[in-house]
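This is entry.cif (mmCIF, C-alpha atoms).
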```cif
data_final
#
loop_
_atom_site.label_atom_id
_atom_site.label_comp_id
_atom_site.auth_asym_id
_atom_site.auth_seq_id
_atom_site.Cartn_x
_atom_site.Cartn_y
_atom_site.Cartn_z
CA MET A 1 4.69 126.69 156.90
CA THR A 2 8.19 126.74 155.47
CA ASP A 3 10.01 130.01 155.95
CA PRO A 4 11.46 131.30 152.62
CA PHE A 5 14.11 133.22 154.56
CA ASP A 6 15.37 130.11 156.36
CA ASP A 7 18.86 128.91 155.39
CA ASN A 8 17.49 125.46 154.49
CA PHE A 9 14.56 126.72 152.44
CA GLU A 10 14.28 125.06 149.02
CA PRO A 11 11.46 126.54 146.95
CA PRO A 12 9.47 124.17 144.71
CA PHE A 13 9.92 126.58 141.82
CA GLY A 14 12.46 129.20 140.83
CA GLU A 15 15.55 130.06 142.80
CA PRO A 16 15.13 133.37 144.62
CA SER A 17 18.20 134.49 146.51
CA ARG A 18 18.34 135.05 150.26
CA PRO A 19 17.16 137.53 151.29
CA VAL A 20 14.60 137.20 148.51
CA PHE A 21 14.90 140.75 147.20
CA GLY A 22 18.38 141.51 148.47
CA GLU A 23 19.26 144.80 150.04
CA SER A 24 17.71 148.04 148.92
CA SER A 25 19.74 149.61 146.12
CA GLY A 26 18.40 153.09 146.77
CA ALA A 27 16.41 152.88 143.55
CA GLU A 28 13.20 153.65 145.42
CA GLU A 29 14.43 157.20 145.85
CA ARG A 30 14.26 157.83 142.12
CA ILE A 31 10.83 156.41 141.38
CA ASP A 32 7.62 157.99 140.25
CA GLY A 33 5.47 156.68 143.07
CA LEU A 34 6.47 152.98 142.77
CA GLY A 35 9.34 152.87 145.26
CA ASP A 36 9.38 149.92 147.63
CA HIS A 37 6.29 148.40 145.96
CA LEU A 38 5.90 144.64 145.57
CA ALA A 39 4.83 143.62 142.06
CA VAL A 40 3.86 140.25 140.61
CA VAL A 41 4.33 140.03 136.82
CA THR A 42 3.17 137.02 134.79
CA GLY A 43 4.55 136.26 131.35
CA ALA A 44 7.88 137.62 132.53
CA THR A 45 9.77 135.63 129.88
CA GLY A 46 7.80 137.22 127.06
CA LEU A 47 8.62 140.48 125.30
CA LEU A 48 5.91 142.52 127.02
CA GLY A 49 6.18 140.93 130.46
CA ALA A 50 9.95 141.38 130.53
CA ALA A 51 9.59 145.02 129.46
CA VAL A 52 7.06 145.71 132.21
CA ALA A 53 9.25 143.98 134.80
CA ALA A 54 12.25 146.05 133.68
CA GLU A 55 10.28 149.30 133.90
CA LEU A 56 8.88 148.54 137.35
CA SER A 57 12.30 147.47 138.60
CA ALA A 58 13.90 150.64 137.21
CA ARG A 59 11.36 152.62 139.21
CA GLY A 60 12.36 150.84 142.40
CA ALA A 61 9.74 148.10 142.70
CA MET A 62 10.49 144.62 144.01
CA VAL A 63 9.35 142.25 141.25
CA CYS A 64 8.23 138.61 141.36
CA LEU A 65 8.89 137.24 137.87
CA VAL A 66 6.36 134.55 136.97
CA GLY A 67 6.74 132.25 133.97
CA ARG A 68 6.93 128.64 132.82
CA ASP A 69 10.56 128.42 131.71
CA LEU A 70 13.07 128.75 134.55
CA ALA A 71 16.11 129.40 132.34
CA SER A 72 14.31 132.25 130.57
CA LEU A 73 13.16 133.68 133.88
CA VAL A 74 16.75 133.77 135.10
CA VAL A 75 17.76 135.63 131.93
CA THR A 76 14.98 138.18 132.52
CA ALA A 77 16.13 138.64 136.11
CA GLU A 78 19.75 139.15 135.02
CA GLN A 79 18.69 141.74 132.45
CA LEU A 80 17.15 143.87 135.20
CA GLY A 81 20.69 144.92 136.04
CA PRO A 82 22.73 145.24 139.23
CA GLY A 83 20.84 146.32 142.31
CA ALA A 84 17.49 145.10 140.99
CA ARG A 85 15.33 143.31 143.53
CA SER A 86 13.56 140.33 141.99
CA ALA A 87 12.39 136.80 142.75
CA VAL A 88 12.06 134.08 140.11
CA LEU A 89 8.86 132.02 140.36
CA GLN A 90 8.56 129.16 137.90
CA CYS A 91 4.82 128.71 137.38
CA ASP A 92 2.62 127.35 134.61
CA LEU A 93 -0.63 129.32 134.79
CA ALA A 94 -2.43 126.40 133.19
CA VAL A 95 -1.62 124.23 136.22
CA ALA A 96 -3.64 125.09 139.33
CA GLU A 97 -1.07 123.59 141.68
CA ASP A 98 1.63 125.85 140.24
CA VAL A 99 -0.51 128.93 140.77
CA VAL A 100 -1.29 127.96 144.36
CA SER A 101 2.42 127.34 145.08
CA ALA A 102 3.41 130.67 143.57
CA VAL A 103 0.88 132.56 145.69
CA ASP A 104 1.99 130.64 148.78
CA PHE A 105 5.50 131.93 148.16
CA VAL A 106 4.27 135.51 147.80
CA GLU A 107 2.24 135.13 150.99
CA ARG A 108 5.33 134.01 152.91
CA LEU A 109 6.95 137.34 152.06
CA ASP A 110 4.60 138.70 154.74
CA ARG A 111 3.90 142.04 153.09
CA PRO A 112 1.04 143.41 150.97
CA VAL A 113 1.15 143.14 147.19
CA ASP A 114 0.94 146.51 145.42
CA LEU A 115 0.88 145.51 141.75
CA VAL A 116 -0.29 142.50 139.76
CA VAL A 117 0.41 142.53 136.02
CA HIS A 118 -1.20 139.88 133.81
CA ALA A 119 1.10 139.86 130.79
CA ALA A 120 0.96 136.13 130.03
CA GLY A 121 -1.28 134.74 127.31
CA LEU A 122 -1.64 132.41 124.37
CA GLN A 123 -2.47 133.37 120.80
CA ALA A 124 -2.52 130.84 117.95
CA ALA A 125 -4.55 130.96 114.77
CA ALA A 126 -7.61 128.68 114.69
CA ARG A 127 -11.10 128.65 113.21
CA ILE A 128 -14.30 127.38 114.76
CA ALA A 129 -14.89 125.30 111.63
CA ASP A 130 -11.88 123.07 112.16
CA GLY A 131 -10.04 124.25 115.28
CA PRO A 132 -9.43 121.39 117.74
CA VAL A 133 -11.27 121.77 121.02
CA GLU A 134 -8.00 120.95 122.80
CA SER A 135 -6.59 124.24 121.47
CA LEU A 136 -9.59 126.10 122.88
CA ASP A 137 -9.03 124.38 126.22
CA GLU A 138 -5.38 125.47 126.24
CA HIS A 139 -6.36 129.05 125.44
CA TYR A 140 -8.94 128.99 128.22
CA LEU A 141 -6.46 127.65 130.78
CA LEU A 142 -3.78 130.24 130.02
CA ASN A 143 -5.91 133.26 129.12
CA VAL A 144 -8.83 132.92 131.53
CA ARG A 145 -8.61 130.30 134.26
CA GLY A 146 -4.96 131.00 135.14
CA PRO A 147 -5.47 134.76 135.59
CA TYR A 148 -8.75 134.08 137.40
CA LEU A 149 -7.16 131.73 139.92
CA LEU A 150 -4.11 133.93 140.39
CA SER A 151 -6.29 137.00 140.96
CA GLN A 152 -8.52 135.09 143.35
CA ARG A 153 -5.59 133.82 145.39
CA LEU A 154 -3.76 137.16 145.43
CA LEU A 155 -6.84 139.23 146.25
CA PRO A 156 -6.52 138.83 150.04
CA LEU A 157 -2.85 139.88 149.79
CA LEU A 158 -3.48 143.10 147.85
CA ARG A 159 -2.94 146.35 149.68
CA ASP A 160 -6.16 148.18 150.50
CA ASP A 161 -6.51 151.71 149.14
CA GLY A 162 -3.64 151.54 146.72
CA ALA A 163 -3.07 148.15 145.05
CA GLN A 164 -3.50 147.91 141.29
CA CYS A 165 -4.03 145.11 138.77
CA VAL A 166 -3.23 145.35 135.06
CA PHE A 167 -4.69 143.10 132.36
CA PHE A 168 -3.13 143.16 128.89
CA GLU A 169 -6.00 142.20 126.60
CA GLY A 170 -4.22 142.12 123.26
CA SER A 171 -5.46 143.70 120.04
CA GLU A 172 -9.14 144.35 119.37
CA HIS A 173 -8.52 144.90 115.66
CA PRO A 174 -10.83 142.50 113.78
CA THR A 175 -8.14 141.51 111.28
CA ALA A 176 -5.20 141.34 113.69
CA VAL A 177 -4.96 137.58 113.06
CA VAL A 178 -7.29 136.01 110.51
CA GLY A 179 -9.03 132.93 111.89
CA ASP A 180 -8.00 133.58 115.49
CA ALA A 181 -11.25 132.36 117.02
CA HIS A 182 -9.87 130.76 120.18
CA HIS A 183 -7.94 133.88 121.15
CA GLU A 184 -10.92 136.14 120.47
CA ILE A 185 -13.27 133.96 122.53
CA THR A 186 -10.97 133.83 125.53
CA ARG A 187 -10.02 137.50 125.15
CA ALA A 188 -13.68 138.40 125.61
CA ALA A 189 -13.79 136.22 128.74
CA ALA A 190 -10.60 137.82 130.10
CA ARG A 191 -12.10 141.25 129.51
CA ALA A 192 -15.16 140.22 131.51
CA LEU A 193 -12.86 138.93 134.26
CA ALA A 194 -11.14 142.31 134.51
CA SER A 195 -14.48 144.12 134.54
CA GLU A 196 -15.93 141.95 137.31
CA LEU A 197 -12.76 142.20 139.38
CA ARG A 198 -12.81 145.98 138.95
CA GLY A 199 -16.25 146.14 140.56
CA GLU A 200 -15.38 143.84 143.45
CA ALA A 201 -11.96 145.35 144.17
CA ALA A 202 -13.21 148.95 144.07
CA ARG A 203 -14.78 148.46 147.49
CA ARG A 204 -11.26 148.10 148.89
CA GLY A 205 -9.78 150.96 146.91
CA ILE A 206 -8.00 148.62 144.48
CA ARG A 207 -7.77 149.71 140.84
CA VAL A 208 -8.01 147.40 137.83
CA ILE A 209 -6.60 148.65 134.53
CA SER A 210 -7.24 147.06 131.12
CA VAL A 211 -4.69 147.70 128.37
CA VAL A 212 -6.01 147.32 124.82
CA ALA A 213 -4.36 147.76 121.41
CA THR A 214 -6.89 149.62 119.28
CA GLU A 215 -5.66 148.45 115.89
CA GLU A 216 -3.34 145.96 114.28
CA PRO A 217 0.09 146.60 115.81
CA ALA A 218 2.33 148.35 113.31
CA ALA A 219 5.12 146.18 114.71
CA GLU A 220 3.49 143.19 113.01
CA ARG A 221 3.77 145.03 109.70
CA GLY A 222 7.49 145.53 110.21
CA GLN A 223 7.23 149.28 110.72
CA VAL A 224 7.99 149.42 114.44
CA ASP A 225 10.74 147.82 116.48
CA PRO A 226 8.90 145.33 118.77
CA ASP A 227 11.38 145.84 121.62
CA ARG A 228 11.01 149.59 121.41
CA PHE A 229 7.22 149.36 121.30
CA ALA A 230 7.12 147.02 124.32
CA ALA A 231 9.40 149.33 126.31
CA SER A 232 7.27 152.37 125.43
CA LEU A 233 4.08 150.56 126.36
CA ALA A 234 5.59 149.43 129.66
CA SER A 235 6.58 153.01 130.44
CA SER A 236 3.08 154.28 129.66
CA VAL A 237 1.51 151.64 131.88
CA ALA A 238 3.88 152.45 134.72
CA ASP A 239 3.02 156.14 134.37
CA SER A 240 -0.67 155.34 134.75
CA LEU A 241 0.07 153.27 137.84
CA SER A 242 1.91 156.13 139.49
CA THR A 243 -0.91 158.63 138.98
CA PRO A 244 -2.95 158.44 142.20
CA ASP A 245 -5.12 161.44 141.28
CA LEU A 246 -6.58 159.69 138.23
CA ASP A 247 -8.64 156.50 138.29
CA VAL A 248 -7.41 154.92 135.07
CA THR A 249 -9.63 151.98 134.13
CA GLU A 250 -8.64 151.45 130.50
CA LEU A 251 -5.52 152.32 128.57
CA ARG A 252 -5.96 152.19 124.78
CA VAL A 253 -2.76 152.23 122.76
CA ARG A 254 -1.56 151.82 119.21
CA ALA A 255 1.89 151.50 117.71
CA VAL A 256 3.14 154.51 115.78
CA ALA A 257 5.02 153.53 112.66
CA ARG A 258 8.35 155.21 112.06
CA PRO A 259 8.57 157.09 108.72
CA VAL A 260 9.90 155.00 105.90
CA ARG A 261 11.92 157.94 104.63
CA VAL A 262 13.48 160.62 106.79
CA GLU A 263 14.51 163.79 105.02
CA GLN A 264 17.81 165.22 106.20
CA ARG A 265 18.82 168.84 105.91
#
```

Let me see whether you can do it: turn the structure in this file into structure tokens.
Amino acid sequence: MTDPFDDNFEPPFGEPSRPVFGESSGAEERIDGLGDHLAVVTGATGLLGAAVAAELSARGAMVCLVGRDLASLVVTAEQLGPGARSAVLQCDLAVAEDVVSAVDFVERLDRPVDLVVHAAGLQAAARIADGPVESLDEHYLLNVRGPYLLSQRLLPLLRDDGAQCVFFEGSEHPTAVVGDAHHEITRAAARALASELRGEAARRGIRVISVVATEEPAAERGQVDPDRFAASLASSVADSLSTPDLDVTELRVRAVARPVRVEQR
């Protein structure tokens, strides 16, 4: 097996530096329980995935950034700031070979994985009446099969008695997107995936956390800054990860709209 730390190593995806995570920046000394942890974050080029990666990195974790677009992944990595320890893994979750290659890379790091964050997903309006089955297939590949295969492949690498997996399930509000049948169908399947994994992983002391928006995000109504909301959500999730005395299984959140008018005195 090719050694990722070898001078001649050329990864089939991404361009992690050598050594992969660089030298310790001392950040692990200022973390709330996440110092020196290895995290794998999918959807790292998206708003939520990037926010989670930034929060974990700020708390000292070494982060594998997983996403389809290499240029965007590099931008996410650069935004983590100096001293951040990250690896860029170009991977399309809809392609099984990409997922296998990404996990092979993580395995070659030769250390347990502490965190897996499923922040990737597809949402596009469609109705059962006229929605093309190809769209349903695409939703299934990205929202269900990709996370399933990634979880299955990473499961042997997860640290016993301490590893944690996070599934972002999207909004459960019935009118979040009118005619969003394909997303709702696959969201239900992804929720079942998290539930089944929770039962299996519990035997090894591995926690599985589902994050659900309980109503239509206020950000979609223009009342909340999306970047601010994503950063706050990432912080809340990280707080739940660093709470070993509580077995958090579900985190239900909603955006809080800022007041339209602020009275000054």

Shell around A:Arg198 at 9 Å using all atoms listed in the file, local window under 6 positions removed, as a ChimeraX atom specification: /A:165,206-209,249

Result set, the PyMOL selection byres ((chain A and resi 188) around 12) on current file, as number ranges by chain: A: 139-140, 143-144, 169-172, 181-187, 189-195, 212

Residues selected by the PyMOL selection byres ((chain A and resi 159) around 10), written as a list in words: Leu38, Arg111, Pro112, Val113, Asp114, Leu115, Leu155, Pro156, Leu157, Leu158, Asp160, Asp161, Gly162, Ala163, Gln164, Arg204, Gly205 and Ile206 of chain A

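This file, filtered with the PyMOL selection byres ((chain A and resi 46) around 10), gives the residues Thr42, Gly43, Ala44, Thr45, Leu47, Leu48, Gly49, Ala50, Ala51, Val52, Gly67, Ser72, Leu73, Thr76, Ala119, Ala120 and Gly121 of chain A.
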
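For the pair atom CA of A:Gly81 and atom CA of A:Ala231, the interatomic distance is 15.5 Å.
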
Exercise: stretch 145-147 of chain A partners within 6 Å, all atoms listed in the file, chain neighbours under 3 positions left out, as a PyMOL selection string: chain A and resi 93-94+141-142+150-151

Given all atoms listed in the file as the counted atoms, nearest of A:His118, A:Ala96, A:Arg85, A:Leu80 to A:Val66: A:His118

Atom pair atom CA of A:Asp137 / atom CA of A:Leu149: separation (Å):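 Interatomic distance here is 15.7 Å.
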
Atom CA of A:Thr214 to atom CA of A:Glu196, distance in Å rounded to a single decimal: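 Atom-to-atom, atom CA of A:Thr214 to atom CA of A:Glu196, that is 21.6 Å.
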
Selected residue of minimal separation from A:Ser86 among A:Glu200, A:Asp36, A:Asp239, A:Asp69, counting all atoms listed in the file: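 With all atoms listed in the file as the atom set, the closest residue is A:Asp36.
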
Best match for closeness to A:Ser242 among A:Leu122, A:Leu56, A:Val63, A:Val41, counting all atoms listed in the file: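 That would be A:Leu56, the residue with the smallest distance to A:Ser242.
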